[in-house]
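Undergrad: Dropping in query-v4.cif, with mmCIF, C-alpha atoms, pLDDT in the B column; chains and numbers go by the auth columns.
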```cif
data_start
loop_
_atom_site.group_PDB
_atom_site.id
_atom_site.type_symbol
_atom_site.label_atom_id
_atom_site.label_comp_id
_atom_site.label_asym_id
_atom_site.label_seq_id
_atom_site.Cartn_x
_atom_site.Cartn_y
_atom_site.Cartn_z
_atom_site.B_iso_or_equiv
_atom_site.auth_seq_id
_atom_site.auth_asym_id
ATOM 1 C CA MET A 1 12.171 45.608 -13.396 51.00 9 U
ATOM 2 C CA PHE A 2 8.490 45.975 -14.074 53.00 10 U
ATOM 3 C CA TYR A 3 7.650 45.752 -10.370 50.00 11 U
ATOM 4 C CA TRP A 4 10.105 48.573 -9.724 54.00 12 U
ATOM 5 C CA LEU A 5 8.798 50.776 -12.522 55.00 13 U
ATOM 6 C CA ASP A 6 5.231 50.254 -11.291 51.00 14 U
ATOM 7 C CA GLY A 7 6.220 51.351 -7.774 57.00 15 U
ATOM 8 C CA TYR A 8 6.262 47.905 -6.159 52.00 16 U
ATOM 9 C CA THR A 9 9.746 48.310 -4.702 64.00 17 U
ATOM 10 C CA LYS A 10 9.172 45.828 -1.886 69.00 18 U
ATOM 11 C CA GLU A 11 8.124 43.117 -4.340 65.00 19 U
ATOM 12 C CA ALA A 12 11.058 44.002 -6.609 65.00 20 U
ATOM 13 C CA SER A 13 13.627 43.810 -3.821 72.00 21 U
ATOM 14 C CA PRO A 14 14.460 40.074 -4.146 72.00 22 U
ATOM 15 C CA TYR A 15 14.983 40.501 -7.888 70.00 23 U
ATOM 16 C CA VAL A 16 17.158 43.567 -7.429 70.00 24 U
ATOM 17 C CA ASN A 17 19.239 41.684 -4.860 76.00 25 U
ATOM 18 C CA ALA A 18 19.602 38.814 -7.321 76.00 26 U
ATOM 19 C CA LEU A 19 20.772 41.259 -10.007 79.00 27 U
ATOM 20 C CA ARG A 20 23.438 42.546 -7.645 83.00 28 U
ATOM 21 C CA GLN A 21 24.830 39.013 -7.488 85.00 29 U
ATOM 22 C CA LEU A 22 25.034 38.590 -11.270 79.00 30 U
ATOM 23 C CA TYR A 23 28.364 39.119 -12.992 87.00 31 U
ATOM 24 C CA PRO A 24 27.832 37.996 -16.591 86.00 32 U
ATOM 25 C CA ILE A 25 30.741 37.062 -18.821 89.00 33 U
ATOM 26 C CA GLU A 26 29.182 38.554 -21.942 92.00 34 U
ATOM 27 C CA VAL A 27 29.515 42.326 -22.315 91.00 35 U
ATOM 28 C CA GLU A 28 25.973 42.700 -23.650 90.00 36 U
ATOM 29 C CA GLN A 29 24.537 41.053 -20.541 92.00 37 U
ATOM 30 C CA THR A 30 26.821 43.087 -18.271 93.00 38 U
ATOM 31 C CA VAL A 31 25.401 46.236 -19.869 92.00 39 U
ATOM 32 C CA LYS A 32 21.820 45.038 -19.328 90.00 40 U
ATOM 33 C CA VAL A 33 22.471 44.267 -15.654 91.00 41 U
ATOM 34 C CA ALA A 34 24.175 47.647 -15.178 92.00 42 U
ATOM 35 C CA GLU A 35 21.277 49.470 -16.864 90.00 43 U
ATOM 36 C CA ALA A 36 18.783 47.722 -14.594 88.00 44 U
ATOM 37 C CA LEU A 37 20.836 48.497 -11.475 90.00 45 U
ATOM 38 C CA CYS A 38 21.103 52.121 -12.518 88.00 46 U
ATOM 39 C CA GLN A 39 17.357 52.336 -13.090 85.00 47 U
ATOM 40 C CA VAL A 40 16.621 51.087 -9.574 84.00 48 U
ATOM 41 C CA GLY A 41 19.058 53.592 -8.090 87.00 49 U
ATOM 42 C CA ASP A 42 22.085 51.400 -7.443 90.00 50 U
ATOM 43 C CA TYR A 43 24.362 53.865 -9.203 94.00 51 U
ATOM 44 C CA GLU A 44 27.545 52.659 -7.554 95.00 52 U
ATOM 45 C CA GLN A 45 27.102 49.093 -8.831 94.00 53 U
ATOM 46 C CA ALA A 46 26.110 50.323 -12.292 95.00 54 U
ATOM 47 C CA TYR A 47 29.062 52.698 -12.401 96.00 55 U
ATOM 48 C CA GLN A 48 31.566 50.025 -11.378 96.00 56 U
ATOM 49 C CA ARG A 49 30.256 47.528 -13.915 95.00 57 U
ATOM 50 C CA LEU A 50 30.192 49.973 -16.807 96.00 58 U
ATOM 51 C CA LYS A 51 33.607 51.392 -15.934 95.00 59 U
ATOM 52 C CA GLY A 52 34.934 47.833 -16.187 94.00 60 U
ATOM 53 C CA ILE A 53 34.006 47.655 -19.874 94.00 61 U
ATOM 54 C CA LYS A 54 36.599 48.811 -22.396 93.00 62 U
ATOM 55 C CA ARG A 55 35.928 52.294 -23.713 89.00 63 U
ATOM 56 C CA SER A 56 36.105 51.072 -27.310 91.00 64 U
ATOM 57 C CA VAL A 57 33.312 48.583 -26.564 91.00 65 U
ATOM 58 C CA LEU A 58 31.190 51.140 -24.687 90.00 66 U
ATOM 59 C CA GLU A 59 31.414 53.503 -27.626 90.00 67 U
ATOM 60 C CA THR A 60 29.661 50.932 -29.813 92.00 68 U
ATOM 61 C CA LYS A 61 26.711 51.124 -27.389 91.00 69 U
ATOM 62 C CA PRO A 62 25.761 54.797 -26.984 92.00 70 U
ATOM 63 C CA SER A 63 22.860 53.965 -24.650 91.00 71 U
ATOM 64 C CA ALA A 64 25.290 52.180 -22.304 92.00 72 U
ATOM 65 C CA LEU A 65 27.536 55.229 -22.419 94.00 73 U
ATOM 66 C CA CYS A 66 24.545 57.395 -21.488 94.00 74 U
ATOM 67 C CA CYS A 67 23.778 55.015 -18.613 93.00 75 U
ATOM 68 C CA LEU A 68 27.389 55.396 -17.484 95.00 76 U
ATOM 69 C CA GLY A 69 26.866 59.161 -17.573 95.00 77 U
ATOM 70 C CA ILE A 70 23.801 58.863 -15.338 95.00 78 U
ATOM 71 C CA ALA A 71 25.667 56.683 -12.849 95.00 79 U
ATOM 72 C CA ALA A 72 28.720 58.963 -13.053 96.00 80 U
ATOM 73 C CA TYR A 73 26.550 61.954 -12.191 96.00 81 U
ATOM 74 C CA TYR A 74 25.345 60.283 -8.993 95.00 82 U
ATOM 75 C CA MET A 75 28.892 59.169 -8.179 96.00 83 U
ATOM 76 C CA SER A 76 30.115 62.785 -8.575 96.00 84 U
ATOM 77 C CA ASP A 77 32.496 61.808 -11.366 97.00 85 U
ATOM 78 C CA PRO A 78 34.114 64.966 -12.764 97.00 86 U
ATOM 79 C CA ASN A 79 33.909 63.448 -16.276 96.00 87 U
ATOM 80 C CA THR A 80 30.113 63.242 -16.294 96.00 88 U
ATOM 81 C CA ASN A 81 29.602 65.998 -18.888 96.00 89 U
ATOM 82 C CA ARG A 82 32.284 64.535 -21.138 96.00 90 U
ATOM 83 C CA ILE A 83 30.581 61.134 -20.990 96.00 91 U
ATOM 84 C CA PHE A 84 27.205 62.619 -21.953 96.00 92 U
ATOM 85 C CA LYS A 85 28.753 64.636 -24.785 97.00 93 U
ATOM 86 C CA ARG A 86 30.423 61.528 -26.183 96.00 94 U
ATOM 87 C CA ALA A 87 27.188 59.507 -25.948 95.00 95 U
ATOM 88 C CA ALA A 88 25.319 62.321 -27.702 96.00 96 U
ATOM 89 C CA LYS A 89 27.943 62.518 -30.438 97.00 97 U
ATOM 90 C CA LEU A 90 27.590 58.762 -30.966 96.00 98 U
ATOM 91 C CA GLY A 91 23.830 59.116 -31.407 94.00 99 U
ATOM 92 C CA ASP A 92 22.137 58.606 -28.049 94.00 100 U
ATOM 93 C CA GLU A 93 19.044 60.840 -28.127 94.00 101 U
ATOM 94 C CA GLN A 94 18.645 61.031 -24.359 93.00 102 U
ATOM 95 C CA ALA A 95 22.284 62.093 -23.914 95.00 103 U
ATOM 96 C CA GLU A 96 21.759 64.733 -26.585 95.00 104 U
ATOM 97 C CA GLN A 97 18.733 66.086 -24.691 95.00 105 U
ATOM 98 C CA ILE A 98 20.809 66.222 -21.509 95.00 106 U
ATOM 99 C CA VAL A 99 23.684 68.011 -23.234 96.00 107 U
ATOM 100 C CA ASN A 100 21.269 70.515 -24.810 96.00 108 U
ATOM 101 C CA GLY A 101 19.583 71.183 -21.469 95.00 109 U
ATOM 102 C CA GLU A 102 16.259 69.740 -22.642 95.00 110 U
ATOM 103 C CA LEU A 103 16.305 66.926 -20.072 93.00 111 U
ATOM 104 C CA ALA A 104 17.507 66.974 -16.483 91.00 112 U
ATOM 105 C CA ILE A 105 19.781 64.100 -15.543 90.00 113 U
ATOM 106 C CA GLN A 106 17.449 63.306 -12.639 86.00 114 U
ATOM 107 C CA ASP A 107 14.642 62.707 -15.163 86.00 115 U
ATOM 108 C CA ALA A 108 16.715 60.515 -17.469 85.00 116 U
ATOM 109 C CA ARG A 109 15.996 56.807 -17.727 78.00 117 U
ATOM 110 C CA SER A 110 18.925 54.452 -17.820 68.00 118 U
ATOM 111 C CA TRP A 111 16.736 51.568 -18.878 60.00 119 U
ATOM 112 C CA LYS A 112 14.904 51.873 -22.157 58.00 120 U
ATOM 113 C CA GLY A 113 12.996 48.621 -22.138 47.00 121 U
ATOM 114 C CA SER A 114 15.456 46.635 -24.215 47.00 122 U
ATOM 115 C CA PHE A 115 15.418 43.397 -22.182 42.00 123 U
#
```
Mind turning this structure into structure tokens?
TA:
Amino acid sequence: MFYWLDGYTKEASPYVNALRQLYPIEVEQTVKVAEALCQVGDYEQAYQRLKGIKRSVLETKPSALCCLGIAAYYMSDPNTNRIFKRAAKLGDEQAEQIVNGELAIQDARSWKGSF
């Protein structure tokens, strides 16, 4: 992740490919993998993984819901705004900024350094 954030995408590539192969059993780890995939631009993988988590579980993790909103935006999901509004209502600051027009979705960060 740090290689990617520092602009070393070539060096990060083997790690990103390894992440794509991970399918954790634990929900918390699934969220972390999805957040990392979203951050590196693999929105389809992030979207699929987060959509596979029960809504009731996602709603206990507002940052994961915001990440789903970011991935949904890039997947042209018609529910993108609803996802961001729900994440904002549950307390995600970034989602709130997006809903209020203070932050463009393209500038949002799906990964907040919680590894």
Undergrad: Specify as a list in words each residue included when the PyMOL selection byres ((chain U and resi 102) around 9) is applied to this file.
TA: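 With the PyMOL selection byres ((chain U and resi 102) around 9) on this model, the match is Ser71, Cys74, Ala95, Ala96, Gly99, Asp100, Glu101, Ala103, Glu104, Gln105, Ile106, Val107, Leu111, Ala116 and Arg117 of chain U.
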Undergrad: In Å, rounded to a single decimal, give me how far CA of Ala80 (chain U) is from CA of Gln37 (chain U).
TA: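 If I compute the distance from CA of Gln37 (chain U) to CA of Ala80 (chain U), I get 19.9 Å.
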Undergrad: Hey, what's within 10 Å of region 52-61 of chain U if we count only C-alpha atoms and toss same-chain stuff fewer than 4 positions away? As a list in words, please?
TA: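 Listing them by chain and then by number gives Arg28, Tyr31, Val35, Thr38, Val39, Lys40, Val41, Ala42, Glu43, Ala44, Leu45, Cys46, Gln47, Val48, Val65, Leu66, Ala72, Leu73, Cys75, Leu76, Gly77, Ile78, Ala79, Ala80, Tyr81, Tyr82, Met83, Asp85 and Ser118 of chain U.
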Undergrad: Enclose the full set of atoms of region 71-87 of chain U listed in the file within a box whose edges lie along x, y and z, apply 4 Å of padding to each of the six sides, and report centre and edge lengths in Å to one decimal as lines of an AutoDock Vina configuration file.
TA:
```
center_x = 28.5
center_y = 58.6
center_z = -16.4
size_x = 19.3
size_y = 20.8
size_z = 24.5
```
Undergrad: Go ahead and compute the interatomic distance for CA of Pro70 (chain U) and CA of Phe92 (chain U), in Å to one decimal.
TA: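 Answer for the CA of Pro70 (chain U) to CA of Phe92 (chain U) separation: 9.4 Å.
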Undergrad: Please indicate the distance in Å from CA of Arg94 (chain U) to CA of Lys69 (chain U), rounded to one decimal place.
TA: 11.1 Å
